[in-house]
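**Student:** Got a structure for you, written out below as structure tokens; questions coming shortly.
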Amino acid sequence: MSARDRILGRLAARLQTGEDRAAAVSARLAGRRPETPRPSQSRTEGAAMVDQFCAKAKAADATVTRIASLDELPSALAAELRNRNLGPSIRIGADPALSGLDWAGIEVSHGTGRIEEPATLSVAPYALAETGTLAFRSGPDNPVTLTFLGETHFAVVRAADIRPGFEELFAAHRASGADPRTLNFVTGPSRSADIGQKLQLGAHGPVALHIFVVD
Amino acid sequence: MSQPKRPRVALFVTCLVDMFRPTVGFAAVGLLTEAGCDVEVPQAQTCCGQPAYNSGDRETAKRMARSVIAAFEGYDWVVVPSGSCGAQIVKDYPLLLDGEPGWAARARALSSKTREIVSFLVDEMGFSPTDVRFEGKVTYHDSCSGLRSLGVKAQPRALLGNVEGLELVEMADPDVCCGFGGTFCVKNPEISGKMVSDKTANAAATGAGTLLAGDLGCLMNMAGKAQREGRPLKARHVIEVLAGMADGPAIGEGRE
Amino acid sequence: MSAEEPTSRRFKENVREAMADQSLQKALRAAGGGFVAKRSAAAGAVPEFEAIRDAGRDLKNHVLGHLDLYLAEYEGKVTAAGGHVHWAETAEDMRRIVLDICRKAGARTVNKGKTMISEEAGINGFLEDNGITPVETDLGEYIIQLRHEHPSHIIAPAIHVPAEEVETLFREKHTHLPADRNLDDLSTLLSEARTILRKKYFEAEVGITGANMLIAETGQSVIVTNEGNGDLSQSLPKVHIVLASLEKIVPTLEDAATVLRLLARSATGQEMSVYTTFSSGPRRAEDPDGPEEYHVVLLDNGRTEMVGTEFQEMLRCIRCGACMNHCPVYQAVGGHAYGWVYPGPMGAVLTPSLIGVEEGGLLPNASTFCGRCEAVCPMRIPLPKMMRHWREREFERNLAPKAARYGIRLWAFFAERPALYRLATRAAMFVLGKLGGKRGRFAKLPLAGGWTDHRDFPAPEGETFMAAWAKAEKTKAAR
């Protein structure tokens with residue numbers, strides 16, 4: 001008998017109740033669960049939802065710029081790079097949303113994150129208004145290492161892709177059919193309080209997170 | 001004119017009050033009578049059984065619970081000048097005797113009519129002290145069981161607000177344990193000593209001359225520590241002040 | 001049992017040492033109420049928080065009642081995504097499984113995200129003994145690894161280390177850096193650690209992380225961090241190993257959301273930690289980054305024996321640390337005094353379950369039952385009730401100290417005989433009252449050293465209430 005079978009066997013022996021436990025599990029996995037409370041902050045809608053996303057992201061020490069269309073992204077990014085005394089270069093993946101843009105003036109390189117990476121840009125397919133959180137999918141479009149290795153991480157998200165709460169975000173993710181290795185939720189830049197219990201930004205991940213919200 | 005019937009209240013005096021601070025028992029009788037109750041003191045009472053229960057001696061705790069139930073179930077209310085003993089009857093007796101034929105229902109019945117005294121005065125009797133004076137600053141420690149098991153928090157503060165001349169100053173962390181914990185204080189003396197010295201420091205930092213609480217165990221612990229540290233802090237049960245009986249020696253204070 | 005010998009049996013000596021350790025006491029004071037205030041503000045900002053706690057409790061109860069079925073479901077999903085699930089009945093099994101995977105990967109260095117299961121299983125020491133270097137990448141874990149210590153808190157492992165000792169440590173260990181470099185403020189310390197660890201991420205062949213949750217619906221493991229180290233540890237090496245205990249399962253993504261809504265608020269007072277990552281399987285065919293292998297090692301180590309007992313509810317724990325942040329005992333002595341992997345109230349319940357009540361029995365006795373842990377536990381685990389259950393098991397098995405047992409028996413003998421009790425207490429209080437009356441207290445009292453070593457013992461007023469009351473009633477009747 002394998003360790004697996006012994007472990008599962010011990011559990012099964014201790015958990016027999018007479019009810020149809022398998023049916024209860026199937027029902028739960030099929031999405032039938034008891035009415036579950038959620039925070040009211042996960043129920044905003046429309047313009048208020050986008051505003052809340054921006055406010056919550058800022059509260060988590062991200063910075064936010066709202067732009068009218070994706071075409072404005074290169075100039076907005078160039079301005080942000082200048083503001084932060086960063087060189088005019090950016091590392092990105094193969095996301096089609098970025099491929100048609102006119103990057104005039106910014107040196108764009110494509111690929112995964114490298115050991116020294118001053119600035120990276122990723123596209124977030126979803127975001128959460130509930131907590132000001134971005135959600136990224138790993139893959140060639142947006143290699144996951146770009147999210148963690150950029151000193152400054154730039155992210156772009158469409159206002160239409162912001163969801164009120166986890167429930168709507170997960171529904172959208174299931175509907176997309178995407179099956180990435182990782183689904184990465186990011187709320188503000190990296191931080192640690194492990195030295196003297198004083199919070200500092202920029203632990204292993206980015207020191208700064210800047211979000212472009214495309215209205 | 002028909003008077004509403006005065007409730008018959010049994011006082012569960014608690015072993016510590018019985019032995020160490022009878023003044024608190026008389027303060028309880030005084031307040032309950034003033035609030036419109038007929039007070040009786042069942043003679044068969046000794047202790048609620050917590051020392052056994054918290055030491056893991058469940059069988060002794062059950063026997064004690066059954067004796068308390070038998071002695072107290074014939075009254076309209078059972079009132080206790082201690083959140084800790086009160087919670088033992090209200091919360092733990094029903095758990096201890098759960099599933100015991102006959103006793104389970106009796107435990108639940110007693111639980112439903114047992115109250116800690118300050119919350120009883122406010123919540124059940126709508127009582128408020130009149131013509132009671134106490135000069136000076138006091139600070140109030142929230143004893144753990146009263147606070148977290150029975151929700152005693154606003155009631156003592158509300159009643160103290162009606163005492164003339166009294167100024168209540170809140171200490172830092174009034175809801176953090178004083179380190180008494182029954183047998184804990186002798187089983188883990190160093191930790192208990194640290195906890196109580198944090199408590200007396202917080203109490204003293206308010207500038208209050210008097211430290212009040214609703215549980216004699218905590219009060220003896222805090223009084224003993226304050227005295228050992230030479231702090232000019234007098235400890236009293238909150239109902240001594242509410243009953244206007246705070247003119248005698250404070251806890252651990254000599255009669256000189 | 002972990003590879004490290006527990007010292008929970010020595011709890012009392014550990015306590016004395018901790019209380020005499022000025023550096024520890026300073027660090028504990030500095031950390032102090034920060035967590036408490038932040039948790040309180042975060043919970044208070046969500047009107048539905050208490051209802052979500054109920055939902056969290058119910059969710060975990062449902063999982064524990066169907067744990068075998070969910071584990072099998074989860075395993076199927078991991079396998080379908082190209083991952084491997086390994087089952088470890090004991091810590092030793094887990095160590096062997098991890099070493100096998102590392103050897104197959106030809107690993108010389110292993111990067112580690114923060115995992116308490118690794119501590120429980122004693123992975124680091126075992127890898128070192130077998131010629132593989134584990135590198136802790138969580139900043140706090142890195143600090144204590146350099147100090148050859150273990151975590152003293154489940155979410156703030158280096159909470160016992162004052163900031164200035166980190167500077168001394170880095171100067172001592174980072175000898176390749178100029179000795180006269182400026183490390184005056186915390187940011188220079190952080191950036192030094194960041195630079196050193198950044199390089200290590202790229203060198204390791206294997207990355208090990210823990211798991212805050214395992215999702216049965218999707219076969220994903222979930223990690224929650226603020227630093228991003230767990231993500232770099234799992235994304236850069238060619239093999240990712242997840243170490244998790246059996247009870248980390250949740251059924252669906254939405255159930256994971258319920259836990260996430262409680263976890264960070266209870267732990268650090270954040271609405272969300274910075275990085276919450278759901279991972280499944282190795283890199284996809286088209287992926288430019290990520291590990292080529294994905295392994296999950298599931299640890300039992302005594303947990304299945306808790307199922308169906310009065311300790312089952314402990315398996316709801318999501319390791320937020322709120323109980324120890326709110327525990328006055330933990331705050332007085334820190335985490336190392338508990339003598340094994342898990343400190344504070346959750347440790348006081350879990351330790352005897354996992355390593356035996358003979359070893360861990362003092363821990364559930366080190367509580368005043370103040371109830372602050374239960375009041376903040378996001379999963380509403382009745383921690384004091386379970387500590388009492390341990391005391392009951394000890395009492396039943398005659399493991400409680402003799403003096404305590406005799407004391408309780410003697411007291412019970414009187415307390416169950418009210419008339420005798422009346423006489424005895426009356427006489428005793430009369431004597432104590434006479435002896436202590438003038439001064440009002442005792443600085444020393446025979447048999448009460450535990451009390452009087454630390455505080456005076458208040459003298460009784462002299463007459464018992466019951467005696468005085470009987471007298472007063474008699475007078476009233478005579479009138």
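Ordering of the structure tokens sets the chain letters (A, B, ...), residue numbers begin anew at 1 in every chain, and ligands are numbered from 1 in the order given.
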Got a sec: who's within 10 Å of Glu141 of chain C, counting only C-alpha atoms, leaving out chain neighbours fewer than 5 positions off, as a PDB file with N, CA, C and O atoms, in the first residue's frame?

**Tutor:**
```
ATOM      1  N   ASP A 194      11.014  43.030   7.493  1.00  0.00           N
ATOM      2  CA  ASP A 194      11.782  42.038   8.242  1.00  0.00           C
ATOM      3  C   ASP A 194      13.005  42.607   8.952  1.00  0.00           C
ATOM      4  O   ASP A 194      13.587  41.949   9.792  1.00  0.00           O
TER       5      ASP A 194
ATOM      6  N   LYS C 112      14.868  29.017  -1.419  1.00  0.00           N
ATOM      7  CA  LYS C 112      13.663  28.740  -0.653  1.00  0.00           C
ATOM      8  C   LYS C 112      12.844  29.987  -0.405  1.00  0.00           C
ATOM      9  O   LYS C 112      13.362  30.994   0.077  1.00  0.00           O
ATOM     10  N   GLY C 113      11.567  29.912  -0.764  1.00  0.00           N
ATOM     11  CA  GLY C 113      10.617  30.922  -0.315  1.00  0.00           C
ATOM     12  C   GLY C 113      10.249  30.534   1.101  1.00  0.00           C
ATOM     13  O   GLY C 113      10.611  29.456   1.573  1.00  0.00           O
ATOM     14  N   LYS C 114       9.516  31.390   1.795  1.00  0.00           N
ATOM     15  CA  LYS C 114       9.211  31.092   3.187  1.00  0.00           C
ATOM     16  C   LYS C 114       8.246  29.920   3.289  1.00  0.00           C
ATOM     17  O   LYS C 114       7.189  29.933   2.678  1.00  0.00           O
ATOM     18  N   THR C 115       8.626  28.877   4.026  1.00  0.00           N
ATOM     19  CA  THR C 115       7.708  27.766   4.266  1.00  0.00           C
ATOM     20  C   THR C 115       7.905  27.204   5.662  1.00  0.00           C
ATOM     21  O   THR C 115       9.018  26.823   6.034  1.00  0.00           O
ATOM     22  N   VAL C 135      19.234  28.131   0.311  1.00  0.00           N
ATOM     23  CA  VAL C 135      19.358  29.576   0.530  1.00  0.00           C
ATOM     24  C   VAL C 135      17.973  30.141   0.797  1.00  0.00           C
ATOM     25  O   VAL C 135      17.096  30.103  -0.074  1.00  0.00           O
ATOM     26  N   GLU C 136      17.777  30.623   2.002  1.00  0.00           N
ATOM     27  CA  GLU C 136      16.488  31.253   2.331  1.00  0.00           C
ATOM     28  C   GLU C 136      16.442  32.619   1.655  1.00  0.00           C
ATOM     29  O   GLU C 136      17.391  33.401   1.736  1.00  0.00           O
ATOM     30  N   LEU C 146      21.446  33.160   8.377  1.00  0.00           N
ATOM     31  CA  LEU C 146      22.813  33.625   8.636  1.00  0.00           C
ATOM     32  C   LEU C 146      23.164  33.508  10.117  1.00  0.00           C
ATOM     33  O   LEU C 146      24.308  33.276  10.478  1.00  0.00           O
ATOM     34  N   ARG C 147      22.151  33.680  10.974  1.00  0.00           N
ATOM     35  CA  ARG C 147      22.389  33.588  12.425  1.00  0.00           C
ATOM     36  C   ARG C 147      22.307  32.144  12.946  1.00  0.00           C
ATOM     37  O   ARG C 147      22.426  31.926  14.151  1.00  0.00           O
ATOM     38  N   GLU C 149      19.656  30.295  13.189  1.00  0.00           N
ATOM     39  CA  GLU C 149      18.505  30.218  14.086  1.00  0.00           C
ATOM     40  C   GLU C 149      17.293  29.696  13.321  1.00  0.00           C
ATOM     41  O   GLU C 149      17.355  29.468  12.117  1.00  0.00           O
ATOM     42  N   HIS C 150      16.192  29.586  14.066  1.00  0.00           N
ATOM     43  CA  HIS C 150      14.922  29.219  13.457  1.00  0.00           C
ATOM     44  C   HIS C 150      13.955  30.386  13.594  1.00  0.00           C
ATOM     45  O   HIS C 150      14.164  31.268  14.423  1.00  0.00           O
ATOM     46  N   PRO C 151      12.887  30.392  12.801  1.00  0.00           N
ATOM     47  CA  PRO C 151      11.918  31.496  12.906  1.00  0.00           C
ATOM     48  C   PRO C 151      11.318  31.568  14.310  1.00  0.00           C
ATOM     49  O   PRO C 151      11.099  30.542  14.939  1.00  0.00           O
ATOM     50  N   ILE C 155       4.931  34.491  10.574  1.00  0.00           N
ATOM     51  CA  ILE C 155       4.962  35.387   9.404  1.00  0.00           C
ATOM     52  C   ILE C 155       6.056  36.447   9.497  1.00  0.00           C
ATOM     53  O   ILE C 155       6.336  37.136   8.516  1.00  0.00           O
ATOM     54  N   ALA C 156       6.652  36.631  10.646  1.00  0.00           N
ATOM     55  CA  ALA C 156       7.757  37.587  10.796  1.00  0.00           C
ATOM     56  C   ALA C 156       8.901  36.841  11.471  1.00  0.00           C
ATOM     57  O   ALA C 156       9.161  37.006  12.650  1.00  0.00           O
ATOM     58  N   PRO C 157       9.604  36.001  10.676  1.00  0.00           N
ATOM     59  CA  PRO C 157      10.536  35.034  11.278  1.00  0.00           C
ATOM     60  C   PRO C 157      11.661  35.669  12.089  1.00  0.00           C
ATOM     61  O   PRO C 157      12.164  35.044  13.015  1.00  0.00           O
ATOM     62  N   ALA C 158      12.050  36.901  11.740  1.00  0.00           N
ATOM     63  CA  ALA C 158      13.177  37.528  12.442  1.00  0.00           C
ATOM     64  C   ALA C 158      12.695  38.619  13.385  1.00  0.00           C
ATOM     65  O   ALA C 158      13.431  39.555  13.697  1.00  0.00           O
TER      66      ALA C 158
END
```

**Student:** Within 6 Å of chain C, which residues of chain B are there when counting only C-alpha atoms? Please give them as a ChimeraX atom specification.

**Tutor:** /B:18-22,44,46,56,144,181,184,186,189,193,224-225,228,252-256

**Student:** Find the residues around Arg181 of chain C up to 10 Å (only C-alpha atoms counted), leave out those fewer than 4 positions away in its own chain, and share them as a PyMOL selection string.

**Tutor:** chain C and resi 171+177+188

**Student:** Store the residues picked out above in a file with C-alpha atoms, as an mmCIF file, in the first residue's frame.

**Tutor:**
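Wrote it out as out-v4.cif, contents follow:
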```cif
data_model
loop_
_atom_site.group_PDB
_atom_site.id
_atom_site.type_symbol
_atom_site.label_atom_id
_atom_site.label_comp_id
_atom_site.auth_asym_id
_atom_site.auth_seq_id
_atom_site.Cartn_x
_atom_site.Cartn_y
_atom_site.Cartn_z
ATOM 1 C CA ARG C 171 29.263 43.009 8.120
ATOM 2 C CA LEU C 177 31.926 43.707 0.403
ATOM 3 C CA THR C 188 21.070 50.231 2.750
#
```

**Student:** Restricting the calculation to only C-alpha atoms: of C:Arg265, C:His240, C:Arg283, C:Arg108, which residue gets closest to chain A?

**Tutor:** C:Arg283

**Student:** Kindly provide the residues of chain A that approach chain C to within 8 Å, each paired with its closest atom pair and their distance in Å to one decimal, based on only C-alpha atoms, listed by chain and increasing number, as JSON lines.

**Tutor:**
```
{"residue": "A:Ala3", "atom": "CA", "partner": "C:Trp87", "partner_atom": "CA", "distance": 5.9}
{"residue": "A:Arg4", "atom": "CA", "partner": "C:Trp87", "partner_atom": "CA", "distance": 5.4}
{"residue": "A:Ile7", "atom": "CA", "partner": "C:Glu89", "partner_atom": "CA", "distance": 7.0}
{"residue": "A:Leu8", "atom": "CA", "partner": "C:Asp68", "partner_atom": "CA", "distance": 5.2}
{"residue": "A:Gly9", "atom": "CA", "partner": "C:Asp68", "partner_atom": "CA", "distance": 7.9}
{"residue": "A:Arg10", "atom": "CA", "partner": "C:Thr304", "partner_atom": "CA", "distance": 6.6}
{"residue": "A:Leu11", "atom": "CA", "partner": "C:Asp68", "partner_atom": "CA", "distance": 5.7}
{"residue": "A:Ala12", "atom": "CA", "partner": "C:Asp68", "partner_atom": "CA", "distance": 6.1}
{"residue": "A:Arg14", "atom": "CA", "partner": "C:Gly308", "partner_atom": "CA", "distance": 5.8}
{"residue": "A:Leu15", "atom": "CA", "partner": "C:Gly65", "partner_atom": "CA", "distance": 6.2}
{"residue": "A:Arg21", "atom": "CA", "partner": "C:His66", "partner_atom": "CA", "distance": 6.6}
{"residue": "A:Ala22", "atom": "CA", "partner": "C:Leu69", "partner_atom": "CA", "distance": 7.0}
{"residue": "A:Val25", "atom": "CA", "partner": "C:His66", "partner_atom": "CA", "distance": 7.2}
{"residue": "A:Arg28", "atom": "CA", "partner": "C:Pro251", "partner_atom": "CA", "distance": 7.0}
{"residue": "A:Leu29", "atom": "CA", "partner": "C:Glu217", "partner_atom": "CA", "distance": 6.1}
{"residue": "A:Gly31", "atom": "CA", "partner": "C:Thr252", "partner_atom": "CA", "distance": 7.6}
{"residue": "A:Thr36", "atom": "CA", "partner": "C:Ala55", "partner_atom": "CA", "distance": 6.4}
{"residue": "A:Pro37", "atom": "CA", "partner": "C:Ile52", "partner_atom": "CA", "distance": 5.7}
{"residue": "A:Arg38", "atom": "CA", "partner": "C:Glu48", "partner_atom": "CA", "distance": 6.7}
{"residue": "A:Pro39", "atom": "CA", "partner": "C:Glu48", "partner_atom": "CA", "distance": 5.6}
{"residue": "A:Ser40", "atom": "CA", "partner": "C:Glu48", "partner_atom": "CA", "distance": 7.4}
{"residue": "A:Gln41", "atom": "CA", "partner": "C:Val46", "partner_atom": "CA", "distance": 7.9}
{"residue": "A:Gly111", "atom": "CA", "partner": "C:Pro288", "partner_atom": "CA", "distance": 7.6}
{"residue": "A:Thr112", "atom": "CA", "partner": "C:Pro288", "partner_atom": "CA", "distance": 6.6}
{"residue": "A:Ile115", "atom": "CA", "partner": "C:Arg198", "partner_atom": "CA", "distance": 7.0}
{"residue": "A:Thr131", "atom": "CA", "partner": "C:Glu271", "partner_atom": "CA", "distance": 6.4}
{"residue": "A:Ser138", "atom": "CA", "partner": "C:Asp287", "partner_atom": "CA", "distance": 7.7}
{"residue": "A:Gly139", "atom": "CA", "partner": "C:Asp287", "partner_atom": "CA", "distance": 4.8}
{"residue": "A:Pro140", "atom": "CA", "partner": "C:Asp287", "partner_atom": "CA", "distance": 5.3}
{"residue": "A:Pro143", "atom": "CA", "partner": "C:Asp289", "partner_atom": "CA", "distance": 6.4}
{"residue": "A:Val144", "atom": "CA", "partner": "C:Asp289", "partner_atom": "CA", "distance": 7.0}
{"residue": "A:Thr145", "atom": "CA", "partner": "C:Ser235", "partner_atom": "CA", "distance": 6.9}
{"residue": "A:Phe148", "atom": "CA", "partner": "C:Gly228", "partner_atom": "CA", "distance": 6.6}
{"residue": "A:Phe166", "atom": "CA", "partner": "C:Ala257", "partner_atom": "CA", "distance": 6.3}
{"residue": "A:Glu167", "atom": "CA", "partner": "C:Glu254", "partner_atom": "CA", "distance": 6.2}
{"residue": "A:Phe170", "atom": "CA", "partner": "C:Leu253", "partner_atom": "CA", "distance": 6.9}
{"residue": "A:Pro180", "atom": "CA", "partner": "C:Arg284", "partner_atom": "CA", "distance": 7.3}
{"residue": "A:Arg181", "atom": "CA", "partner": "C:Ser280", "partner_atom": "CA", "distance": 5.2}
{"residue": "A:Thr182", "atom": "CA", "partner": "C:Ser279", "partner_atom": "CA", "distance": 4.4}
{"residue": "A:Leu183", "atom": "CA", "partner": "C:Phe278", "partner_atom": "CA", "distance": 5.1}
{"residue": "A:Asn184", "atom": "CA", "partner": "C:Thr277", "partner_atom": "CA", "distance": 4.5}
{"residue": "A:Phe185", "atom": "CA", "partner": "C:Thr276", "partner_atom": "CA", "distance": 4.9}
{"residue": "A:Val186", "atom": "CA", "partner": "C:Tyr275", "partner_atom": "CA", "distance": 4.9}
{"residue": "A:Thr187", "atom": "CA", "partner": "C:Val274", "partner_atom": "CA", "distance": 4.5}
{"residue": "A:Gly188", "atom": "CA", "partner": "C:Val274", "partner_atom": "CA", "distance": 5.8}
{"residue": "A:Pro189", "atom": "CA", "partner": "C:Val274", "partner_atom": "CA", "distance": 6.8}
{"residue": "A:Ser190", "atom": "CA", "partner": "C:Glu227", "partner_atom": "CA", "distance": 4.9}
{"residue": "A:Arg191", "atom": "CA", "partner": "C:Glu227", "partner_atom": "CA", "distance": 5.1}
{"residue": "A:Ser192", "atom": "CA", "partner": "C:Glu227", "partner_atom": "CA", "distance": 5.8}
{"residue": "A:Asp194", "atom": "CA", "partner": "C:Gly140", "partner_atom": "CA", "distance": 4.9}
{"residue": "A:Ile195", "atom": "CA", "partner": "C:Ala163", "partner_atom": "CA", "distance": 5.5}
{"residue": "A:Gly196", "atom": "CA", "partner": "C:Ala163", "partner_atom": "CA", "distance": 4.3}
{"residue": "A:Gln197", "atom": "CA", "partner": "C:Ala31", "partner_atom": "CA", "distance": 6.1}
{"residue": "A:Gln200", "atom": "CA", "partner": "C:Ser187", "partner_atom": "CA", "distance": 7.1}
{"residue": "A:Gly202", "atom": "CA", "partner": "C:Glu227", "partner_atom": "CA", "distance": 7.5}
{"residue": "A:Ala203", "atom": "CA", "partner": "C:Glu227", "partner_atom": "CA", "distance": 5.0}
{"residue": "A:His204", "atom": "CA", "partner": "C:Glu227", "partner_atom": "CA", "distance": 5.4}
{"residue": "A:Gly205", "atom": "CA", "partner": "C:Gly228", "partner_atom": "CA", "distance": 5.0}
```
